[in-house]
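K.L.:
Got a file for you: protein_2.txt, compact mmCIF, C-alpha atoms.
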```
# COMPACT_ATOMS: atom_id res chain seq x y z
CA MET A 394 2.74 39.37 7.92
CA ILE A 395 2.14 39.91 4.20
CA ARG A 396 5.23 37.80 3.49
CA VAL A 397 3.52 34.78 5.06
CA VAL A 398 0.48 34.92 2.77
CA PRO A 399 2.10 33.06 -0.17
CA TYR A 400 3.14 30.23 2.14
CA ILE A 401 -0.39 29.99 3.56
CA LEU A 402 -1.62 29.74 -0.03
CA TYR A 403 0.97 27.02 -0.73
CA ALA A 404 -0.28 25.14 2.34
CA LEU A 405 -3.87 25.54 1.12
CA LEU A 406 -2.81 24.24 -2.28
CA ILE A 407 -1.23 21.20 -0.65
CA ALA A 408 -4.35 20.58 1.46
CA ALA A 409 -6.56 20.88 -1.62
CA TRP A 410 -4.25 18.54 -3.48
CA GLN A 411 -4.31 15.94 -0.72
CA VAL A 412 -8.11 16.00 -0.48
CA MET A 413 -9.26 16.42 -4.04
CA PHE A 414 -6.62 15.75 -6.68
CA LYS A 415 -4.02 13.31 -5.36
CA ASP A 416 -6.06 10.18 -6.05
CA LEU A 417 -7.39 11.55 -9.33
CA THR A 418 -3.91 12.17 -10.73
CA SER A 419 -2.19 9.02 -9.49
CA ILE A 420 -1.23 6.45 -12.11
CA PHE A 421 -0.98 2.81 -11.00
CA GLY A 422 -0.13 3.88 -7.45
CA ALA A 423 2.43 6.49 -8.51
CA ALA A 424 1.27 9.83 -7.11
CA ILE A 425 2.61 13.36 -7.44
CA ASN A 426 4.33 14.34 -4.18
CA LEU A 427 3.31 17.97 -4.24
CA SER A 428 4.27 18.67 -0.62
CA ALA A 429 7.93 17.63 -1.06
CA MET A 430 8.09 19.36 -4.42
CA VAL A 431 6.83 22.67 -3.01
CA VAL A 432 9.23 22.46 -0.03
CA LEU A 433 12.13 21.84 -2.43
CA LEU A 434 11.05 24.73 -4.66
CA VAL A 435 10.93 27.02 -1.61
CA ALA A 436 14.41 25.78 -0.66
CA LEU A 437 15.55 26.48 -4.20
CA PHE A 438 14.32 30.06 -4.37
CA LYS A 439 14.00 31.27 -0.74
CA SER A 440 16.10 31.39 2.41
CA GLU A 441 17.11 28.46 4.60
CA VAL A 442 14.98 29.56 7.57
CA THR A 443 11.96 30.04 5.31
CA ALA A 444 12.47 26.60 3.76
CA ALA A 445 12.86 25.00 7.19
CA TRP A 446 9.74 26.62 8.67
CA PHE A 447 7.72 25.95 5.54
CA GLY A 448 8.85 22.31 5.56
CA PHE A 449 7.81 22.05 9.20
CA VAL A 450 4.35 23.48 8.51
CA VAL A 451 3.87 21.30 5.42
CA GLY A 452 4.80 18.30 7.56
CA LEU A 453 1.98 19.21 9.95
CA VAL A 454 -0.44 19.71 7.08
CA LEU A 455 0.57 16.41 5.51
CA ALA A 456 0.17 14.40 8.72
CA VAL A 457 -3.34 15.47 9.77
CA GLY A 458 -4.57 11.94 9.16
CA ALA A 459 -1.81 10.38 11.30
CA PRO A 460 -1.25 12.55 14.40
CA SER A 461 0.95 9.93 16.09
CA ILE A 462 3.70 10.45 13.47
CA MET A 463 3.08 14.14 12.86
CA GLY A 464 6.39 15.10 14.52
CA TRP A 465 8.35 12.83 12.21
CA HIS A 466 6.66 14.31 9.15
CA ALA A 467 7.34 17.86 10.33
CA LEU A 468 10.96 17.15 11.23
CA PHE A 469 11.69 15.31 8.00
CA LEU A 470 10.22 17.99 5.73
CA ALA A 471 11.97 20.74 7.72
CA LEU A 472 15.24 18.84 7.25
CA LEU A 473 14.41 18.40 3.56
CA GLY A 474 14.04 22.16 3.27
CA ILE A 475 17.36 22.75 5.08
CA VAL A 476 19.23 20.10 3.08
CA GLY A 477 17.66 21.39 -0.12
CA TYR A 478 18.88 24.88 0.68
CA GLN A 479 22.40 23.61 1.52
CA VAL A 480 22.54 21.64 -1.74
CA ARG A 481 21.47 24.71 -3.65
CA GLU A 482 24.20 26.76 -1.94
CA ARG A 483 26.96 24.22 -2.59
CA LEU A 484 26.06 23.09 -6.11
CA ASN A 485 25.50 25.05 -9.26
CA LEU A 486 21.75 24.54 -9.95
CA GLU A 487 21.36 27.04 -12.74
CA ALA A 488 20.66 24.48 -15.47
CA SER A 489 17.08 23.31 -15.52
CA TYR A 490 18.14 19.65 -15.71
CA SER A 491 20.10 20.02 -12.48
CA LYS A 492 17.05 21.57 -10.83
CA GLU A 493 14.91 18.68 -12.05
CA LEU A 494 17.47 16.21 -10.73
CA PHE A 495 17.43 18.10 -7.44
CA VAL A 496 13.63 17.76 -7.22
CA LEU A 497 13.77 14.12 -8.31
CA GLY A 498 16.32 13.27 -5.60
CA GLY A 499 14.51 15.18 -2.86
CA VAL A 500 11.11 13.74 -3.70
CA LEU A 501 12.56 10.23 -3.94
CA VAL A 502 14.07 10.56 -0.46
CA HIS A 503 10.75 11.84 0.91
CA ASN A 504 8.81 9.07 -0.83
CA ILE A 505 11.14 6.45 0.64
CA PHE A 506 10.65 8.06 4.05
CA LEU A 507 6.87 7.85 3.61
CA VAL A 508 7.07 4.18 2.63
CA LEU A 509 9.28 3.39 5.62
CA ILE A 510 7.16 5.29 8.14
CA GLU A 511 3.73 4.20 6.89
CA THR A 512 4.22 0.54 5.94
CA SER A 513 5.96 -2.44 7.45
CA THR A 514 5.67 -5.14 4.78
CA GLY A 515 6.72 -5.15 1.14
CA VAL A 516 8.93 -2.11 1.63
CA PHE A 517 11.29 -2.82 -1.26
CA HIS A 518 8.43 -3.48 -3.62
CA LEU A 519 6.76 -0.21 -2.56
CA ILE A 520 10.00 1.71 -2.94
CA TRP A 521 10.26 0.44 -6.48
CA SER A 522 6.57 0.62 -7.45
CA GLN A 523 5.50 3.81 -5.66
CA ALA A 524 8.43 5.81 -4.31
CA LEU A 525 10.59 5.77 -7.45
CA THR A 526 7.74 6.04 -9.95
CA GLY A 527 6.10 8.77 -7.86
CA ALA A 528 9.41 10.68 -7.79
CA VAL A 529 9.73 10.42 -11.58
CA TYR A 530 6.12 11.52 -11.99
CA THR A 531 6.72 14.51 -9.69
CA ALA A 532 9.94 15.36 -11.55
CA VAL A 533 7.96 15.53 -14.79
CA ILE A 534 5.59 18.02 -13.15
CA ALA A 535 8.61 19.96 -11.86
CA TRP A 536 10.03 20.00 -15.41
CA LEU A 537 6.75 21.50 -16.63
CA PHE A 538 6.93 24.08 -13.83
CA PHE A 539 10.53 25.09 -14.67
CA THR A 540 9.76 25.15 -18.39
CA ILE A 541 6.89 27.58 -17.85
CA LYS A 542 8.76 29.61 -15.20
CA GLU A 543 11.79 30.08 -17.44
CA GLY A 544 9.63 31.06 -20.40
CA ARG A 545 10.43 28.05 -22.54
CA ILE A 546 6.71 27.41 -22.92
CA THR A 547 4.68 30.54 -23.54
CA ARG A 548 1.19 31.16 -24.79
CA GLU A 549 2.57 32.41 -28.11
CA ARG A 550 4.69 29.30 -28.60
CA VAL A 551 1.76 27.02 -27.82
CA ARG A 552 -0.38 28.97 -30.29
CA SER A 553 2.30 28.70 -32.97
CA VAL A 554 2.21 24.90 -32.64
CA PHE A 555 -1.56 24.75 -33.12
CA MET B 1497 28.98 35.59 3.70
CA PRO B 1498 26.36 35.63 6.44
CA SER B 1499 27.12 37.66 9.51
CA HIS B 1500 27.64 36.12 12.95
CA SER B 1501 24.32 37.48 14.32
CA SER B 1502 22.29 36.27 11.37
CA ASN B 1503 23.93 32.88 11.74
CA ASN B 1504 22.87 32.80 15.39
CA TRP B 1505 19.35 33.84 14.42
CA ARG B 1506 19.26 31.00 11.86
CA ASN B 1507 20.46 28.54 14.52
CA VAL B 1508 17.72 29.71 16.89
CA HIS B 1509 15.10 29.13 14.19
CA LEU B 1510 16.41 25.68 13.37
CA ALA B 1511 16.64 24.82 17.07
CA VAL B 1512 13.01 25.89 17.61
CA ILE B 1513 11.89 23.79 14.66
CA VAL B 1514 13.79 20.76 15.89
CA CYS B 1515 12.47 21.24 19.43
CA LEU B 1516 8.88 21.54 18.24
CA SER B 1517 9.30 18.44 16.14
CA LEU B 1518 10.78 16.55 19.07
CA VAL B 1519 7.91 17.63 21.31
CA LEU B 1520 5.45 16.28 18.75
CA ILE B 1521 7.44 13.06 18.43
CA ILE B 1522 7.82 12.52 22.17
CA THR B 1523 4.25 13.39 23.11
CA GLY B 1524 2.86 11.27 20.27
CA ALA B 1525 -0.79 11.78 19.42
CA SER B 1526 -1.69 13.61 22.64
CA VAL B 1527 -0.49 17.02 21.38
CA SER B 1528 -0.55 16.27 17.65
CA ARG B 1529 -4.24 15.43 17.89
CA TYR B 1530 -5.07 19.05 18.70
CA VAL B 1531 -2.86 20.29 15.86
CA SER B 1532 -4.50 17.79 13.55
CA GLU B 1533 -8.02 18.81 14.61
CA GLY B 1534 -7.16 22.48 14.17
CA LEU B 1535 -5.78 21.91 10.68
CA LEU B 1536 -8.69 19.71 9.69
CA SER B 1537 -11.28 22.26 10.83
CA SER B 1538 -9.50 25.22 9.24
CA LEU B 1539 -7.27 24.27 6.33
CA TYR B 1540 -8.87 21.04 5.16
CA TYR B 1541 -12.54 21.70 5.94
CA PRO B 1542 -13.40 23.75 2.81
CA PHE B 1543 -11.84 21.16 0.54
CA PHE B 1544 -13.63 18.28 2.23
CA SER B 1545 -16.87 20.24 1.78
CA ILE B 1546 -16.13 20.83 -1.90
CA ARG B 1547 -15.18 17.20 -2.44
CA ASP B 1548 -18.33 15.98 -0.69
CA TYR B 1549 -20.43 18.42 -2.70
CA ILE B 1550 -18.92 17.20 -5.97
CA ALA B 1551 -19.35 13.57 -4.87
CA ASP B 1552 -23.00 14.35 -4.05
CA MET B 1553 -23.48 15.98 -7.44
CA VAL B 1554 -21.94 13.01 -9.22
CA GLY B 1555 -24.13 10.72 -7.11
CA VAL B 1556 -27.23 12.75 -7.96
CA SER B 1557 -26.30 12.71 -11.63
CA GLN B 1558 -25.86 8.93 -11.60
CA GLU B 1559 -29.10 8.54 -9.66
CA ASN B 1560 -30.82 10.76 -12.20
CA ALA B 1561 -29.51 8.65 -15.09
CA ARG B 1562 -30.62 5.48 -13.31
CA LEU B 1563 -34.10 6.90 -12.70
CA GLN B 1564 -34.35 8.05 -16.31
CA GLN B 1565 -33.56 4.50 -17.40
CA GLN B 1566 -36.17 3.13 -15.01
CA LEU B 1567 -38.70 5.64 -16.36
CA VAL B 1568 -38.06 4.47 -19.92
CA ASP B 1569 -38.42 0.85 -18.80
CA ALA B 1570 -41.63 1.67 -16.91
CA ARG B 1571 -43.08 3.51 -19.90
CA MET B 1572 -42.26 0.54 -22.11
CA LYS B 1573 -43.93 -1.81 -19.63
CA VAL B 1574 -47.00 0.45 -19.44
CA SER B 1575 -47.17 0.52 -23.23
CA LEU B 1576 -46.96 -3.28 -23.37
CA LEU B 1577 -49.61 -3.59 -20.67
CA GLU B 1578 -51.91 -1.19 -22.51
CA SER B 1579 -51.42 -3.22 -25.66
CA ALA B 1580 -52.16 -6.40 -23.70
CA ALA B 1581 -55.28 -4.76 -22.23
CA ARG B 1582 -56.53 -3.85 -25.69
CA GLU B 1583 -55.83 -7.36 -26.92
CA ASN B 1584 -57.61 -8.73 -23.85
CA GLU B 1585 -60.64 -6.57 -24.65
CA ARG B 1586 -60.72 -7.78 -28.24
CA LEU B 1587 -60.34 -11.39 -27.18
CA ARG B 1588 -63.15 -10.98 -24.62
CA GLN B 1589 -65.38 -9.71 -27.37
CA ALA B 1590 -64.36 -12.66 -29.54
CA LEU B 1591 -64.92 -15.15 -26.74
CA GLY B 1592 -68.66 -15.22 -27.05
CA PHE B 1593 -68.47 -15.27 -30.80
CA GLU B 1594 -70.23 -18.24 -32.42
CA PRO B 1595 -69.07 -19.69 -35.74
CA PRO B 1596 -71.60 -20.46 -38.51
CA PRO B 1597 -73.14 -23.93 -38.32
CA GLY B 1598 -70.80 -26.63 -39.61
CA TYR B 1599 -67.64 -24.68 -38.94
CA SER B 1600 -65.20 -24.30 -36.07
CA LEU B 1601 -62.98 -21.33 -35.36
CA VAL B 1602 -59.18 -21.42 -35.62
CA PRO B 1603 -57.67 -18.26 -34.13
CA ALA B 1604 -54.84 -16.57 -35.99
CA GLU B 1605 -52.81 -13.42 -35.54
CA VAL B 1606 -52.00 -10.88 -38.23
CA VAL B 1607 -48.21 -10.57 -38.50
CA ALA B 1608 -47.91 -8.36 -41.59
CA ILE B 1609 -50.09 -6.12 -43.72
CA VAL B 1610 -50.22 -6.23 -47.51
CA GLY B 1611 -50.99 -3.07 -49.48
CA GLU B 1612 -49.20 0.19 -50.05
CA GLN B 1613 -51.88 2.86 -49.57
CA ALA B 1614 -54.74 0.83 -48.12
CA SER B 1615 -54.76 -2.57 -46.50
CA VAL B 1616 -55.78 -5.13 -49.14
CA GLY B 1617 -54.49 -8.20 -47.36
CA ALA B 1618 -52.34 -9.55 -44.58
CA VAL B 1619 -50.12 -12.40 -43.51
CA ILE B 1620 -51.27 -14.55 -40.59
CA ASN B 1621 -49.32 -16.87 -38.33
CA ARG B 1622 -51.11 -20.00 -39.42
CA GLY B 1623 -50.17 -22.07 -42.43
CA ALA B 1624 -50.28 -25.49 -44.01
CA ALA B 1625 -49.03 -26.99 -40.74
CA ASP B 1626 -52.32 -25.84 -39.17
CA SER B 1627 -54.37 -27.30 -42.04
CA VAL B 1628 -54.98 -23.90 -43.57
CA PHE B 1629 -56.03 -24.13 -47.22
CA VAL B 1630 -56.53 -21.73 -50.11
CA ASP B 1631 -59.97 -20.03 -50.21
CA GLN B 1632 -60.54 -20.71 -46.51
CA PRO B 1633 -62.73 -17.86 -45.21
CA LEU B 1634 -61.71 -15.61 -42.32
CA ILE B 1635 -63.90 -13.65 -39.97
CA ASN B 1636 -63.59 -11.67 -36.78
CA GLN B 1637 -66.15 -10.57 -34.23
CA SER B 1638 -67.30 -7.73 -36.54
CA GLY B 1639 -67.87 -9.82 -39.63
CA LEU B 1640 -66.30 -11.19 -42.80
CA VAL B 1641 -62.62 -10.34 -43.22
CA GLY B 1642 -61.62 -12.16 -46.41
CA ARG B 1643 -60.10 -15.44 -47.57
CA VAL B 1644 -56.81 -17.26 -47.77
CA VAL B 1645 -55.07 -16.89 -51.12
CA HIS B 1646 -51.65 -18.40 -50.50
CA VAL B 1647 -50.46 -20.95 -47.98
CA MET B 1648 -46.93 -21.54 -46.69
CA PRO B 1649 -45.91 -24.06 -44.02
CA GLY B 1650 -46.15 -21.63 -41.08
CA TYR B 1651 -47.87 -18.64 -42.63
CA ALA B 1652 -50.71 -17.81 -44.95
CA GLU B 1653 -51.48 -14.76 -47.06
CA ILE B 1654 -55.03 -13.53 -46.85
CA GLN B 1655 -57.06 -11.28 -49.12
CA TYR B 1656 -59.31 -8.70 -47.46
CA LEU B 1657 -62.66 -7.62 -48.83
CA THR B 1658 -60.90 -4.35 -49.68
CA ASP B 1659 -58.87 -6.09 -52.39
CA PRO B 1660 -60.47 -5.11 -55.72
CA ALA B 1661 -59.94 -8.69 -56.94
CA ASN B 1662 -62.16 -10.08 -54.19
CA ARG B 1663 -65.86 -10.73 -54.76
CA VAL B 1664 -68.53 -11.91 -52.31
CA ALA B 1665 -71.95 -13.19 -53.30
CA ALA B 1666 -74.23 -11.34 -50.88
CA ARG B 1667 -77.80 -11.02 -49.75
CA VAL B 1668 -79.54 -8.00 -48.28
CA ILE B 1669 -81.31 -8.46 -44.97
CA PRO B 1670 -84.31 -8.26 -44.59
CA GLY B 1671 -85.10 -8.05 -48.34
CA ARG B 1672 -83.30 -11.37 -49.21
CA GLU B 1673 -82.37 -10.13 -52.67
CA MET B 1674 -78.85 -10.78 -53.85
CA GLY B 1675 -75.93 -8.93 -55.38
CA ILE B 1676 -72.19 -9.03 -55.52
CA VAL B 1677 -70.05 -7.14 -53.01
CA LYS B 1678 -66.80 -5.76 -54.40
CA PHE B 1679 -64.36 -3.02 -53.66
CA LEU B 1680 -63.72 -0.22 -56.14
CA PRO B 1681 -60.63 1.87 -55.41
CA GLY B 1682 -62.46 5.12 -56.16
CA SER B 1683 -65.81 4.32 -54.55
CA GLY B 1684 -65.11 1.90 -51.75
CA LEU B 1685 -67.21 -1.13 -50.95
CA ILE B 1686 -70.29 -1.46 -53.15
CA LEU B 1687 -73.10 -3.91 -53.80
CA ASP B 1688 -73.13 -4.59 -57.53
CA ASN B 1689 -75.70 -6.31 -59.69
CA PHE B 1690 -78.57 -5.47 -57.35
CA PRO B 1691 -81.88 -5.00 -59.25
CA VAL B 1692 -83.07 -1.43 -59.52
CA ASP B 1693 -86.50 -2.39 -58.23
CA GLY B 1694 -85.13 -4.56 -55.42
CA SER B 1695 -86.05 -4.05 -51.81
CA ILE B 1696 -83.12 -2.19 -50.27
CA LYS B 1697 -82.68 0.90 -48.16
CA PRO B 1698 -79.94 2.56 -46.14
CA GLY B 1699 -79.31 0.72 -42.90
CA ASP B 1700 -80.03 -2.73 -44.30
CA ARG B 1701 -77.55 -5.41 -43.38
CA VAL B 1702 -75.61 -7.23 -46.11
CA VAL B 1703 -74.51 -10.82 -45.47
CA SER B 1704 -72.82 -13.48 -47.54
CA SER B 1705 -75.28 -15.60 -49.49
CA GLY B 1706 -73.25 -18.81 -49.51
CA LEU B 1707 -73.28 -18.95 -53.30
CA GLY B 1708 -69.93 -19.32 -55.00
CA GLY B 1709 -68.65 -21.97 -52.62
CA VAL B 1710 -66.06 -19.85 -50.82
CA TYR B 1711 -67.92 -18.04 -48.03
CA PRO B 1712 -70.62 -19.74 -45.97
CA ALA B 1713 -74.02 -18.06 -45.82
CA GLY B 1714 -74.90 -15.52 -43.15
CA LEU B 1715 -71.55 -13.81 -42.53
CA THR B 1716 -71.99 -10.08 -42.02
CA VAL B 1717 -70.29 -8.10 -44.75
CA GLY B 1718 -71.51 -4.58 -44.09
CA GLU B 1719 -74.34 -2.12 -43.99
CA VAL B 1720 -76.08 -0.21 -46.77
CA VAL B 1721 -75.16 3.48 -46.70
CA THR B 1722 -76.68 4.95 -49.87
CA VAL B 1723 -78.95 3.59 -52.58
CA ILE B 1724 -79.30 5.27 -55.96
CA ARG B 1725 -81.80 3.87 -58.46
CA PRO B 1726 -80.99 5.19 -61.97
CA ALA B 1727 -84.06 5.36 -64.21
CA GLU B 1728 -82.43 3.91 -67.32
CA GLU B 1729 -80.22 1.29 -65.63
CA PRO B 1730 -81.13 -2.28 -64.61
CA PHE B 1731 -79.09 -2.17 -61.36
CA CYS B 1732 -78.91 0.08 -58.32
CA GLU B 1733 -75.82 1.91 -57.19
CA VAL B 1734 -75.41 0.77 -53.59
CA ASP B 1735 -72.61 1.98 -51.32
CA LEU B 1736 -71.76 -0.13 -48.30
CA LYS B 1737 -69.93 0.40 -45.09
CA ALA B 1738 -67.82 -2.64 -44.25
CA SER B 1739 -68.57 -4.15 -40.87
CA VAL B 1740 -64.85 -4.76 -40.32
CA ASN B 1741 -62.35 -1.93 -39.87
CA PHE B 1742 -59.54 -3.34 -41.97
CA ASN B 1743 -57.01 -0.91 -40.55
CA THR B 1744 -57.33 -2.37 -37.05
CA VAL B 1745 -57.46 -6.08 -37.74
CA GLU B 1746 -55.08 -7.93 -35.40
CA GLU B 1747 -56.77 -11.24 -34.63
CA VAL B 1748 -58.85 -13.23 -37.05
CA PHE B 1749 -60.58 -16.60 -37.05
CA LEU B 1750 -60.21 -19.14 -39.82
CA LEU B 1751 -63.42 -21.02 -40.51
CA LYS B 1752 -62.56 -24.71 -40.45
CA PRO B 1753 -65.23 -27.03 -41.90
CA GLU B 1754 -66.26 -29.69 -39.42
CA GLY B 1755 -66.43 -33.35 -40.27
CA PRO B 1756 -64.52 -35.25 -42.97
```
In structure tokens, write the structure found in this file.

P.N.:
Amino acid sequence: MIRVVPYILYALLIAAWQVMFKDLTSIFGAAINLSAMVVLLVALFKSEVTAAWFGFVVGLVLAVGAPSIMGWHALFLALLGIVGYQVRERLNLEASYSKELFVLGGVLVHNIFLVLIETSTGVFHLIWSQALTGAVYTAVIAWLFFTIKEGRITRERVRSVF
Amino acid sequence: MPSHSSNNWRNVHLAVIVCLSLVLIITGASVSRYVSEGLLSSLYYPFFSIRDYIADMVGVSQENARLQQQLVDARMKVSLLESAARENERLRQALGFEPPPGYSLVPAEVVAIVGEQASVGAVINRGAADSVFVDQPLINQSGLVGRVVHVMPGYAEIQYLTDPANRVAARVIPGREMGIVKFLPGSGLILDNFPVDGSIKPGDRVVSSGLGGVYPAGLTVGEVVTVIRPAEEPFCEVDLKASVNFNTVEEVFLLKPEGP
């Protein structure tokens, strides 16, 4: 049971993000896709089953406002977790740039899925203006995450700059 | 290399996930609605509450700023209304005010004060365009204010009785004896050249005598405060209290001679 607690906290973080911070942090329609990013990070560091279940749950959390397509959200994010895990297993993702590319690709695919499932007109424009830019924006956040996680940015280094 | 049993276990998990997803897809909103309601009331509810609370706080803050602005505006309006009320009161007092015979009143407003430590003059909003001329006397409802000393097209500079350069030929009422009213910086308003044996006492009224050609006769200048009669001197030392408070003069009346 205790092993589930971090994932509940991740789900809470995603819910908080969706409600309070998503609109605040979006730039010209490009928003950080925290849900896909967290699912991909779980796929990158945890097991395939964990990534799949977590993706499924995040899909439910993400689709609370649209119950009619909740199943599609859950299935897609579960598949994203599985595919993410399989990519990790088959490719060498040790370098941070490859991890960032991994997140960029995964988030871009999820963003395109969101555009396709939620809108019917101006799809190509939205893919260009929101899906791609949102994926790049999320990849920048992922870069910050990896930089801090791998100790390339530390409190001492930040202090030495200032 | 994963074992055969763990691989089966993984496949069971993935199959359950796919089945659950398919159930949600096939049933549409009928099942998902309950999931959605459950998540909204448990996972999302605290964050909606926090967001609403913050939005309320921001709204209250903006409302507070708006009300503060309204309060400032209201205070300014009240201040203007109080000023208008005071002006109204002064003008009411001036309404029943009769000019001396042979003169009509031209109202004017003081727009600037002349004098560093004490008011010795002012600038009014009437000038040559209003037929104002040099040495034209000015009064208000309390009495004699002074005279015009410089005229510009739209403005005129006036000299109060408190200017040491100003002199008024005056008469004491009821005694009818005459002197000269002038202002000494150290002593204030005095009646000079009044005979030591003249009939004068504190409380007597001092009015302009009409001599000198500047001020018409009968304009109230002030009231006698003290009278000292030196034994060896030909004139009394008479201190006066001006009938006009020169620090509060805002409206004045120019005395315009009637006729050609």

K.L.:
Find the residues in chain A near chain B: any atom within 10 Å counts, using all atoms listed in the file. Write them as a ChimeraX atom specification.

P.N.:
/A:401,404-414,440-443,445-446,448-450,452-469,471-472,475

K.L.:
One decimal, in Å: what's the spacing between atom CA of B:Glu1719 and atom CA of B:Leu1640?

P.N.:
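Between these atoms lies a distance of 12.2 Å.
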
K.L.:
Please, what distance in Å, to one decimal, runs between atom CA of B:Leu1680 and atom CA of B:Gly1694?

P.N.:
21.9 Å

K.L.:
Neighbours of stretch 1745-1750 of chain B within 6 Å (all atoms listed in the file; same-chain residues fewer than 2 positions away dropped), as a short mmCIF file (atom, residue, chain, number, x, y, z; two decimals) with C-alpha atoms, in the coordinates of the input?

P.N.:
```cif
data_model
loop_
_atom_site.label_atom_id
_atom_site.label_comp_id
_atom_site.auth_asym_id
_atom_site.auth_seq_id
_atom_site.Cartn_x
_atom_site.Cartn_y
_atom_site.Cartn_z
CA LEU B 1601 -62.98 -21.33 -35.36
CA VAL B 1602 -59.18 -21.42 -35.62
CA PRO B 1603 -57.67 -18.26 -34.13
CA ALA B 1604 -54.84 -16.57 -35.99
CA GLU B 1605 -52.81 -13.42 -35.54
CA VAL B 1606 -52.00 -10.88 -38.23
CA LEU B 1634 -61.71 -15.61 -42.32
CA ILE B 1635 -63.90 -13.65 -39.97
CA ASN B 1636 -63.59 -11.67 -36.78
CA PHE B 1742 -59.54 -3.34 -41.97
CA ASN B 1743 -57.01 -0.91 -40.55
#
```

K.L.:
Within 12 Å of (7.4, 17.1, -8.7) in the file's own coordinates, which protein, DNA or RNA residues have an atom, counting all atoms listed in the file? List them as a PDB file with C-alpha atoms, in the coordinates of the input.

P.N.:
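Wrote it out as result-v3.pdb, contents follow:
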```pdb
ATOM      1  CA  ALA A 423       2.430   6.490  -8.510  1.00  0.00           C
ATOM      2  CA  ALA A 424       1.270   9.830  -7.110  1.00  0.00           C
ATOM      3  CA  ILE A 425       2.610  13.360  -7.440  1.00  0.00           C
ATOM      4  CA  ASN A 426       4.330  14.340  -4.180  1.00  0.00           C
ATOM      5  CA  LEU A 427       3.310  17.970  -4.240  1.00  0.00           C
ATOM      6  CA  SER A 428       4.270  18.670  -0.620  1.00  0.00           C
ATOM      7  CA  ALA A 429       7.930  17.630  -1.060  1.00  0.00           C
ATOM      8  CA  MET A 430       8.090  19.360  -4.420  1.00  0.00           C
ATOM      9  CA  VAL A 431       6.830  22.670  -3.010  1.00  0.00           C
ATOM     10  CA  VAL A 432       9.230  22.460  -0.030  1.00  0.00           C
ATOM     11  CA  LEU A 433      12.130  21.840  -2.430  1.00  0.00           C
ATOM     12  CA  LEU A 434      11.050  24.730  -4.660  1.00  0.00           C
ATOM     13  CA  LYS A 492      17.050  21.570 -10.830  1.00  0.00           C
ATOM     14  CA  GLU A 493      14.910  18.680 -12.050  1.00  0.00           C
ATOM     15  CA  LEU A 494      17.470  16.210 -10.730  1.00  0.00           C
ATOM     16  CA  PHE A 495      17.430  18.100  -7.440  1.00  0.00           C
ATOM     17  CA  VAL A 496      13.630  17.760  -7.220  1.00  0.00           C
ATOM     18  CA  LEU A 497      13.770  14.120  -8.310  1.00  0.00           C
ATOM     19  CA  GLY A 498      16.320  13.270  -5.600  1.00  0.00           C
ATOM     20  CA  GLY A 499      14.510  15.180  -2.860  1.00  0.00           C
ATOM     21  CA  VAL A 500      11.110  13.740  -3.700  1.00  0.00           C
ATOM     22  CA  LEU A 501      12.560  10.230  -3.940  1.00  0.00           C
ATOM     23  CA  HIS A 503      10.750  11.840   0.910  1.00  0.00           C
ATOM     24  CA  ASN A 504       8.810   9.070  -0.830  1.00  0.00           C
ATOM     25  CA  LEU A 525      10.590   5.770  -7.450  1.00  0.00           C
ATOM     26  CA  THR A 526       7.740   6.040  -9.950  1.00  0.00           C
ATOM     27  CA  GLY A 527       6.100   8.770  -7.860  1.00  0.00           C
ATOM     28  CA  ALA A 528       9.410  10.680  -7.790  1.00  0.00           C
ATOM     29  CA  VAL A 529       9.730  10.420 -11.580  1.00  0.00           C
ATOM     30  CA  TYR A 530       6.120  11.520 -11.990  1.00  0.00           C
ATOM     31  CA  THR A 531       6.720  14.510  -9.690  1.00  0.00           C
ATOM     32  CA  ALA A 532       9.940  15.360 -11.550  1.00  0.00           C
ATOM     33  CA  VAL A 533       7.960  15.530 -14.790  1.00  0.00           C
ATOM     34  CA  ILE A 534       5.590  18.020 -13.150  1.00  0.00           C
ATOM     35  CA  ALA A 535       8.610  19.960 -11.860  1.00  0.00           C
ATOM     36  CA  TRP A 536      10.030  20.000 -15.410  1.00  0.00           C
ATOM     37  CA  LEU A 537       6.750  21.500 -16.630  1.00  0.00           C
ATOM     38  CA  PHE A 538       6.930  24.080 -13.830  1.00  0.00           C
ATOM     39  CA  PHE A 539      10.530  25.090 -14.670  1.00  0.00           C
TER      40      PHE A 539
END
```

K.L.:
Could you tell me how far atom CA of B:Gly1684 sits from atom CA of B:Arg1672, in Å to one decimal place?

P.N.:
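Separation between atom CA of B:Arg1672 and atom CA of B:Gly1684: 22.7 Å.
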
K.L.:
Excluding B:Lys1752 and residues on its chain fewer than 6 positions from it, collect all residues at most 9 Å away from it, counting all atoms listed in the file, and give them as a PDB file with C-alpha atoms, in the frame of the given file.

P.N.:
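See part-v8.pdb below for the written result:
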```
ATOM      1  CA  GLY B1598     -70.800 -26.630 -39.610  1.00  0.00           C
ATOM      2  CA  TYR B1599     -67.640 -24.680 -38.940  1.00  0.00           C
ATOM      3  CA  SER B1600     -65.200 -24.300 -36.070  1.00  0.00           C
ATOM      4  CA  LEU B1601     -62.980 -21.330 -35.360  1.00  0.00           C
ATOM      5  CA  VAL B1602     -59.180 -21.420 -35.620  1.00  0.00           C
ATOM      6  CA  SER B1627     -54.370 -27.300 -42.040  1.00  0.00           C
ATOM      7  CA  VAL B1628     -54.980 -23.900 -43.570  1.00  0.00           C
ATOM      8  CA  GLN B1632     -60.540 -20.710 -46.510  1.00  0.00           C
ATOM      9  CA  PRO B1633     -62.730 -17.860 -45.210  1.00  0.00           C
TER      10      PRO B1633
END
```

K.L.:
May I have the residues within 9 Å of B:Tyr1711 as number ranges by chain, using all atoms listed in the file and disregarding those fewer than 2 positions away in the same chain?

P.N.:
B: 1631-1634, 1640, 1642-1643, 1664-1665, 1704-1709, 1713-1715
